[in-house]
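First the structure, in the form of structure tokens, and then the observations on it.
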Amino acid sequence: MIKPFIDFIIAAVLLLITSPVMLVAAIMIKLDSKGPVIFRQERYGKNGVKFSIYKFRTMRTDAPKYGVSPTTSDDPRITRLGRLLRKTSLDELPQLLNIIKGDMSFIGPRPEMKRIVEESYTDLERRRFLVKPGITGLWQVSDVRKEPIHHNLQYDFHYISNVSMKMDIIIIFKTVGVMIKSNTF
């Protein structure tokens with residue numbers, strides 16, 4: 001019951017603190033490539049409710065909206081600035097708005113793309129909808145984080161079965177470590 005309140009307060013504070021960075025990022029995105037600053041994509045959240053996830057746009061506008069995620073930093077779909085935003089995870093900052101809106105939490109299973117849910121999700125996989133999706137979670141701090149989320153749902157199921165403040169704090173610290181290593185594309 002207290003987690004949504006904590007998420008909201010922390011997201012609001014972080015939004016205020018990071019707003020200058022977000023403004024600079026928005027201006028740089030506009031100068032770097034044509035298209036919108038914010039990338040929106042329909043995802044599934046708690047109880048299977050669809051919502052739009054927000055990220056800074058890091059890919060060219062002609063890249064498929066629901067295409068496979070880049071697996072290397074030299075993927076031609078990624079813009080010049082997009083490489084930096086992805087490497088530093090700054091592209092995720094607009095998801096603070098998703099937390100404030102109540103669509104997401106800081107910690108939880110990543111929200112899955114609409115296409116994957118509608119084409120291949122089973123009742124077992126739909127268990128991920130028992131909790132709010134998060135910006136980070138067990139899968140993101142695991143050794144298999146470069147593999148597709150839907151191939152490693154055991155991390156989400158473990159989290160859902162063992163949700164606790166202690167686990168969330170551990171995941172936050174591990175997330176910081178992953179961000180410092182900058183192993184995203």
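We label chains A, B, ... in the order they appear in the structure tokens, count residues from 1 in each chain, and number ligands from 1 in the order shown.
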
Spatial neighbours of region 120-129 of chain A, max dist 7 Å, only C-alpha atoms, sep filter under 3 positions, as an mmCIF file with all heavy atoms, in the first residue's frame:
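In the end it all went to part.cif:
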data_model
loop_
_atom_site.group_PDB
_atom_site.id
_atom_site.type_symbol
_atom_site.label_atom_id
_atom_site.label_comp_id
_atom_site.auth_asym_id
_atom_site.auth_seq_id
_atom_site.Cartn_x
_atom_site.Cartn_y
_atom_site.Cartn_z
ATOM 1 N N GLY A 45 0.354 -3.212 -18.577
ATOM 2 C CA GLY A 45 0.712 -2.982 -17.188
ATOM 3 C C GLY A 45 -0.083 -3.860 -16.249
ATOM 4 O O GLY A 45 -0.586 -4.924 -16.623
ATOM 5 N N LYS A 46 -0.202 -3.391 -15.019
ATOM 6 C CA LYS A 46 -0.906 -4.153 -13.983
ATOM 7 C C LYS A 46 -2.331 -4.463 -14.422
ATOM 8 O O LYS A 46 -3.007 -3.640 -15.024
ATOM 9 C CB LYS A 46 -0.921 -3.359 -12.675
ATOM 10 C CG LYS A 46 -1.500 -4.152 -11.519
ATOM 11 C CD LYS A 46 -1.380 -3.415 -10.215
ATOM 12 C CE LYS A 46 -1.973 -4.294 -9.117
ATOM 13 N NZ LYS A 46 -1.881 -3.649 -7.820
ATOM 14 N N ASN A 47 -2.744 -5.691 -14.137
ATOM 15 C CA ASN A 47 -4.072 -6.198 -14.482
ATOM 16 C C ASN A 47 -4.323 -6.219 -15.989
ATOM 17 O O ASN A 47 -5.467 -6.228 -16.435
ATOM 18 C CB ASN A 47 -5.170 -5.400 -13.766
ATOM 19 C CG ASN A 47 -5.054 -5.501 -12.263
ATOM 20 O OD1 ASN A 47 -4.747 -6.563 -11.724
ATOM 21 N ND2 ASN A 47 -5.281 -4.400 -11.570
ATOM 22 N N GLY A 48 -3.244 -6.182 -16.784
ATOM 23 C CA GLY A 48 -3.387 -6.244 -18.233
ATOM 24 C C GLY A 48 -3.893 -4.965 -18.859
ATOM 25 O O GLY A 48 -4.345 -4.963 -20.004
ATOM 26 N N PRO A 109 8.442 -6.019 -12.945
ATOM 27 C CA PRO A 109 8.723 -6.574 -14.271
ATOM 28 C C PRO A 109 8.667 -5.462 -15.324
ATOM 29 O O PRO A 109 7.871 -4.536 -15.203
ATOM 30 C CB PRO A 109 7.585 -7.565 -14.508
ATOM 31 C CG PRO A 109 6.977 -7.802 -13.167
ATOM 32 C CD PRO A 109 7.228 -6.575 -12.355
ATOM 33 N N ILE A 116 3.915 -8.618 -28.497
ATOM 34 C CA ILE A 116 4.373 -9.870 -27.893
ATOM 35 C C ILE A 116 3.279 -10.463 -27.015
ATOM 36 O O ILE A 116 3.020 -11.667 -27.066
ATOM 37 C CB ILE A 116 5.684 -9.649 -27.103
ATOM 38 C CG1 ILE A 116 6.814 -9.327 -28.082
ATOM 39 C CG2 ILE A 116 6.025 -10.858 -26.251
ATOM 40 C CD1 ILE A 116 8.106 -8.896 -27.444
ATOM 41 N N VAL A 117 2.610 -9.625 -26.232
ATOM 42 C CA VAL A 117 1.536 -10.111 -25.364
ATOM 43 C C VAL A 117 0.408 -10.702 -26.201
ATOM 44 O O VAL A 117 -0.065 -11.804 -25.944
ATOM 45 C CB VAL A 117 0.989 -8.984 -24.455
ATOM 46 C CG1 VAL A 117 -0.257 -9.434 -23.710
ATOM 47 C CG2 VAL A 117 2.068 -8.524 -23.480
ATOM 48 N N LYS A 132 2.529 -3.840 -10.734
ATOM 49 C CA LYS A 132 2.859 -2.772 -11.677
ATOM 50 C C LYS A 132 4.211 -3.063 -12.315
ATOM 51 O O LYS A 132 5.124 -3.526 -11.647
ATOM 52 C CB LYS A 132 2.936 -1.422 -10.970
ATOM 53 C CG LYS A 132 1.617 -0.776 -10.721
ATOM 54 C CD LYS A 132 1.818 0.611 -10.146
ATOM 55 C CE LYS A 132 0.481 1.210 -9.773
ATOM 56 N NZ LYS A 132 0.654 2.540 -9.180
ATOM 57 N N ASP A 156 10.861 -12.369 -13.188
ATOM 58 C CA ASP A 156 9.632 -11.643 -12.839
ATOM 59 C C ASP A 156 8.776 -12.454 -11.871
ATOM 60 O O ASP A 156 8.241 -11.914 -10.906
ATOM 61 C CB ASP A 156 8.826 -11.315 -14.091
ATOM 62 C CG ASP A 156 9.516 -10.300 -14.976
ATOM 63 O OD1 ASP A 156 10.412 -9.577 -14.485
ATOM 64 O OD2 ASP A 156 9.166 -10.227 -16.170
ATOM 65 N N PHE A 157 8.662 -13.756 -12.114
ATOM 66 C CA PHE A 157 7.845 -14.596 -11.238
ATOM 67 C C PHE A 157 8.444 -14.650 -9.832
ATOM 68 O O PHE A 157 7.714 -14.637 -8.837
ATOM 69 C CB PHE A 157 7.680 -15.998 -11.814
ATOM 70 C CG PHE A 157 6.952 -16.020 -13.136
ATOM 71 C CD1 PHE A 157 7.252 -16.983 -14.080
ATOM 72 C CD2 PHE A 157 5.972 -15.090 -13.448
ATOM 73 C CE1 PHE A 157 6.594 -17.014 -15.301
ATOM 74 C CE2 PHE A 157 5.305 -15.115 -14.666
ATOM 75 C CZ PHE A 157 5.620 -16.086 -15.591
#

As a VMD selection string, please: the residues near region 95-107 of chain A (cut-off 6 Å, only C-alpha atoms, same-chain neighbours under 3 positions excluded). chain A and resid 8 11 54 92 132 to 137

Using only N, CA, C and O atoms, please write the residues we just selected to a file, as a CSV table (one decimal), in the first residue's frame.
chain,number,residue,atom,x,y,z
A,8,PHE,N,5.5,7.7,-6.1
A,8,PHE,CA,5.0,9.0,-6.5
A,8,PHE,C,5.9,10.1,-6.0
A,8,PHE,O,6.3,11.0,-6.8
A,11,ALA,N,9.4,9.9,-7.6
A,11,ALA,CA,9.4,10.3,-9.0
A,11,ALA,C,9.2,11.8,-9.1
A,11,ALA,O,9.8,12.4,-10.0
A,54,TYR,N,6.7,6.1,-21.9
A,54,TYR,CA,7.5,7.3,-22.5
A,54,TYR,C,9.0,7.1,-22.3
A,54,TYR,O,9.4,6.6,-21.3
A,92,GLU,N,15.5,6.7,-20.3
A,92,GLU,CA,14.4,6.2,-19.4
A,92,GLU,C,13.8,7.3,-18.6
A,92,GLU,O,12.8,7.1,-17.9
A,132,LYS,N,2.5,-3.8,-10.7
A,132,LYS,CA,2.9,-2.8,-11.7
A,132,LYS,C,4.2,-3.1,-12.3
A,132,LYS,O,5.1,-3.5,-11.6
A,133,PRO,N,4.3,-2.8,-13.6
A,133,PRO,CA,5.6,-2.9,-14.2
A,133,PRO,C,6.6,-1.8,-13.7
A,133,PRO,O,6.2,-0.8,-13.2
A,134,GLY,N,7.9,-2.1,-13.8
A,134,GLY,CA,8.9,-1.2,-13.3
A,134,GLY,C,9.9,-0.7,-14.3
A,134,GLY,O,10.0,-1.3,-15.4
A,135,ILE,N,10.6,0.4,-13.9
A,135,ILE,CA,11.7,0.9,-14.8
A,135,ILE,C,12.8,-0.1,-14.7
A,135,ILE,O,13.5,-0.4,-15.6
A,136,THR,N,13.0,-0.7,-13.5
A,136,THR,CA,14.0,-1.7,-13.3
A,136,THR,C,13.5,-2.9,-12.5
A,136,THR,O,12.4,-2.8,-12.0
A,137,GLY,N,14.2,-4.0,-12.6
A,137,GLY,CA,13.7,-5.2,-11.9
A,137,GLY,C,14.8,-6.3,-11.8
A,137,GLY,O,15.9,-6.0,-12.2

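You can rank A:Gly108, A:Asp143, A:Leu15, A:Ser52 by their closest distance to Ser164 (chain A) using only C-alpha atoms, and at the top of that list sits A:Gly108.
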
Among region 8-149 of chain A, which residues does DSSP mark as helix (DSSP H, G or I) when it is run on the backbone? Keep the chain and numbering as in the structure and answer as an NGL selection string. :A and (8-32 or 46-48 or 80-88 or 90-92 or 95-101 or 114-120 or 125-130 or 139-141 or 149)

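Near Thr79 (chain A), within a cut-off of 10 Å and counting only C-alpha atoms, sit the residues Ile29, Asp32, Ser33, Arg57, Thr58, Met59, Arg60, Thr61, Asp74, Asp75, Arg83, Leu84 and Leu85 of chain A, with same-chain residues fewer than 4 positions away left out.
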
Could you take the residues named above and write them with all heavy atoms, as a compact mmCIF listing (two decimals), in the first residue's frame?
# COMPACT_ATOMS: atom_id res chain seq x y z
N ILE A 29 17.99 16.28 -28.80
CA ILE A 29 17.31 15.31 -29.66
C ILE A 29 16.77 16.03 -30.89
O ILE A 29 16.90 15.54 -32.02
CB ILE A 29 16.19 14.58 -28.90
CG1 ILE A 29 16.79 13.63 -27.85
CG2 ILE A 29 15.28 13.80 -29.86
CD1 ILE A 29 15.79 13.10 -26.84
N ASP A 32 19.62 16.89 -33.17
CA ASP A 32 20.33 15.72 -33.70
C ASP A 32 19.59 15.04 -34.85
O ASP A 32 20.22 14.54 -35.78
CB ASP A 32 20.58 14.72 -32.57
CG ASP A 32 21.39 13.51 -33.01
OD1 ASP A 32 22.47 13.71 -33.59
OD2 ASP A 32 20.93 12.38 -32.77
N SER A 33 18.27 14.99 -34.77
CA SER A 33 17.51 14.26 -35.79
C SER A 33 16.07 14.75 -35.84
O SER A 33 15.57 15.31 -34.87
CB SER A 33 17.55 12.75 -35.49
OG SER A 33 16.94 12.48 -34.26
N ARG A 57 13.35 9.65 -27.48
CA ARG A 57 13.56 8.94 -28.74
C ARG A 57 15.06 8.81 -29.00
O ARG A 57 15.79 9.78 -29.00
CB ARG A 57 12.90 9.69 -29.91
CG ARG A 57 13.01 8.95 -31.24
CD ARG A 57 12.29 9.69 -32.35
NE ARG A 57 12.73 11.06 -32.50
CZ ARG A 57 13.85 11.43 -33.14
NH1 ARG A 57 14.62 10.53 -33.68
NH2 ARG A 57 14.18 12.70 -33.23
N THR A 58 15.49 7.57 -29.21
CA THR A 58 16.90 7.28 -29.45
C THR A 58 17.13 6.66 -30.83
O THR A 58 18.28 6.44 -31.21
CB THR A 58 17.46 6.31 -28.39
OG1 THR A 58 16.73 5.09 -28.45
CG2 THR A 58 17.38 6.92 -26.99
N MET A 59 16.05 6.40 -31.53
CA MET A 59 16.18 5.76 -32.84
C MET A 59 15.61 6.67 -33.92
O MET A 59 14.83 7.58 -33.65
CB MET A 59 15.47 4.41 -32.82
CG MET A 59 16.15 3.44 -31.85
SD MET A 59 15.30 1.87 -31.66
CE MET A 59 15.74 1.06 -33.15
N ARG A 60 16.02 6.40 -35.13
CA ARG A 60 15.51 7.17 -36.27
C ARG A 60 14.01 6.95 -36.38
O ARG A 60 13.48 5.92 -35.99
CB ARG A 60 16.22 6.71 -37.54
CG ARG A 60 17.71 6.97 -37.51
CD ARG A 60 18.47 6.26 -38.61
NE ARG A 60 17.63 5.84 -39.73
CZ ARG A 60 17.98 5.91 -40.99
NH1 ARG A 60 19.16 6.37 -41.31
NH2 ARG A 60 17.18 5.49 -41.94
N THR A 61 13.33 7.92 -36.96
CA THR A 61 11.87 7.83 -37.06
C THR A 61 11.41 6.76 -38.03
O THR A 61 10.26 6.33 -37.96
CB THR A 61 11.26 9.19 -37.47
OG1 THR A 61 11.87 9.63 -38.67
CG2 THR A 61 11.46 10.21 -36.37
N ASP A 74 26.30 -0.22 -32.50
CA ASP A 74 26.43 0.33 -33.85
C ASP A 74 25.20 0.05 -34.73
O ASP A 74 25.27 0.17 -35.94
CB ASP A 74 27.72 -0.16 -34.52
CG ASP A 74 27.75 -1.67 -34.71
OD1 ASP A 74 26.92 -2.37 -34.10
OD2 ASP A 74 28.60 -2.15 -35.47
N ASP A 75 24.09 -0.30 -34.11
CA ASP A 75 22.84 -0.52 -34.85
C ASP A 75 22.52 0.76 -35.61
O ASP A 75 22.44 1.84 -35.01
CB ASP A 75 21.72 -0.86 -33.86
CG ASP A 75 20.43 -1.30 -34.54
OD1 ASP A 75 19.94 -0.55 -35.42
OD2 ASP A 75 19.91 -2.36 -34.19
N ARG A 83 22.76 6.94 -28.96
CA ARG A 83 23.78 6.05 -28.40
C ARG A 83 24.15 6.48 -26.98
O ARG A 83 24.25 5.66 -26.08
CB ARG A 83 25.02 6.03 -29.28
CG ARG A 83 24.83 5.34 -30.60
CD ARG A 83 26.12 5.21 -31.39
NE ARG A 83 26.01 5.09 -32.83
CZ ARG A 83 25.10 4.48 -33.53
NH1 ARG A 83 24.10 3.90 -32.96
NH2 ARG A 83 25.14 4.44 -34.85
N LEU A 84 24.35 7.78 -26.81
CA LEU A 84 24.70 8.31 -25.49
C LEU A 84 23.54 8.16 -24.51
O LEU A 84 23.73 7.74 -23.36
CB LEU A 84 25.11 9.79 -25.59
CG LEU A 84 25.37 10.49 -24.26
CD1 LEU A 84 26.59 9.90 -23.57
CD2 LEU A 84 25.54 11.98 -24.49
N LEU A 85 22.34 8.49 -24.96
CA LEU A 85 21.18 8.39 -24.08
C LEU A 85 20.96 6.95 -23.62
O LEU A 85 20.64 6.71 -22.45
CB LEU A 85 19.93 8.91 -24.78
CG LEU A 85 19.90 10.41 -25.07
CD1 LEU A 85 18.68 10.77 -25.90
CD2 LEU A 85 19.92 11.21 -23.78

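A straight line drawn from CA of Gln154 (chain A) to CA of Phe39 (chain A) is 28.4 Å long.
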
Could you find all residues in region 96-184 of chain A that DSSP calls strand (DSSP E or B) from the backbone, and write them as a PyMOL selection string? chain A and resi 105-107+112-113+134-136

Prev. selection, N, CA and C atoms, output as a PDB file, in the first residue's frame:
ATOM      1  N   SER A 105       5.958   1.495 -11.662  1.00  0.00           N
ATOM      2  CA  SER A 105       6.653   1.628 -10.394  1.00  0.00           C
ATOM      3  C   SER A 105       8.149   1.734 -10.711  1.00  0.00           C
ATOM      4  N   PHE A 106       8.965   2.025  -9.721  1.00  0.00           N
ATOM      5  CA  PHE A 106      10.408   1.998  -9.960  1.00  0.00           C
ATOM      6  C   PHE A 106      10.882   0.561 -10.152  1.00  0.00           C
ATOM      7  N   ILE A 107      10.349  -0.361  -9.336  1.00  0.00           N
ATOM      8  CA  ILE A 107      10.779  -1.751  -9.361  1.00  0.00           C
ATOM      9  C   ILE A 107       9.610  -2.638  -9.750  1.00  0.00           C
ATOM     10  N   GLU A 112       5.697  -5.260 -21.005  1.00  0.00           N
ATOM     11  CA  GLU A 112       5.902  -5.947 -22.283  1.00  0.00           C
ATOM     12  C   GLU A 112       5.186  -5.226 -23.415  1.00  0.00           C
ATOM     13  N   MET A 113       5.759  -5.357 -24.606  1.00  0.00           N
ATOM     14  CA  MET A 113       5.164  -4.759 -25.805  1.00  0.00           C
ATOM     15  C   MET A 113       3.846  -5.440 -26.143  1.00  0.00           C
ATOM     16  N   GLY A 134       7.884  -2.108 -13.813  1.00  0.00           N
ATOM     17  CA  GLY A 134       8.866  -1.181 -13.276  1.00  0.00           C
ATOM     18  C   GLY A 134       9.878  -0.706 -14.298  1.00  0.00           C
ATOM     19  N   ILE A 135      10.568   0.357 -13.931  1.00  0.00           N
ATOM     20  CA  ILE A 135      11.662   0.857 -14.754  1.00  0.00           C
ATOM     21  C   ILE A 135      12.829  -0.124 -14.677  1.00  0.00           C
ATOM     22  N   THR A 136      12.999  -0.728 -13.511  1.00  0.00           N
ATOM     23  CA  THR A 136      14.039  -1.742 -13.335  1.00  0.00           C
ATOM     24  C   THR A 136      13.455  -2.902 -12.548  1.00  0.00           C
TER      25      THR A 136
END

Counting only C-alpha atoms, the residue among A:Leu14, A:Arg115, A:Ile172, A:Lys3 that lies closest to Lys50 (chain A) is A:Arg115

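Among A:Val144, A:Val178, A:Val131, A:Ile171, the residue with the shortest atom-to-atom distance to Tyr44 (chain A), counting only C-alpha atoms, is A:Val131.
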
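When only C-alpha atoms are used to measure the gap to Met22 (chain A), the shortest distance among A:Pro94, A:Ile53, A:Arg86, A:Asp62 belongs to A:Pro94.
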
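CA of Met179 (chain A) sits 12.3 Å away from CA of Arg145 (chain A).
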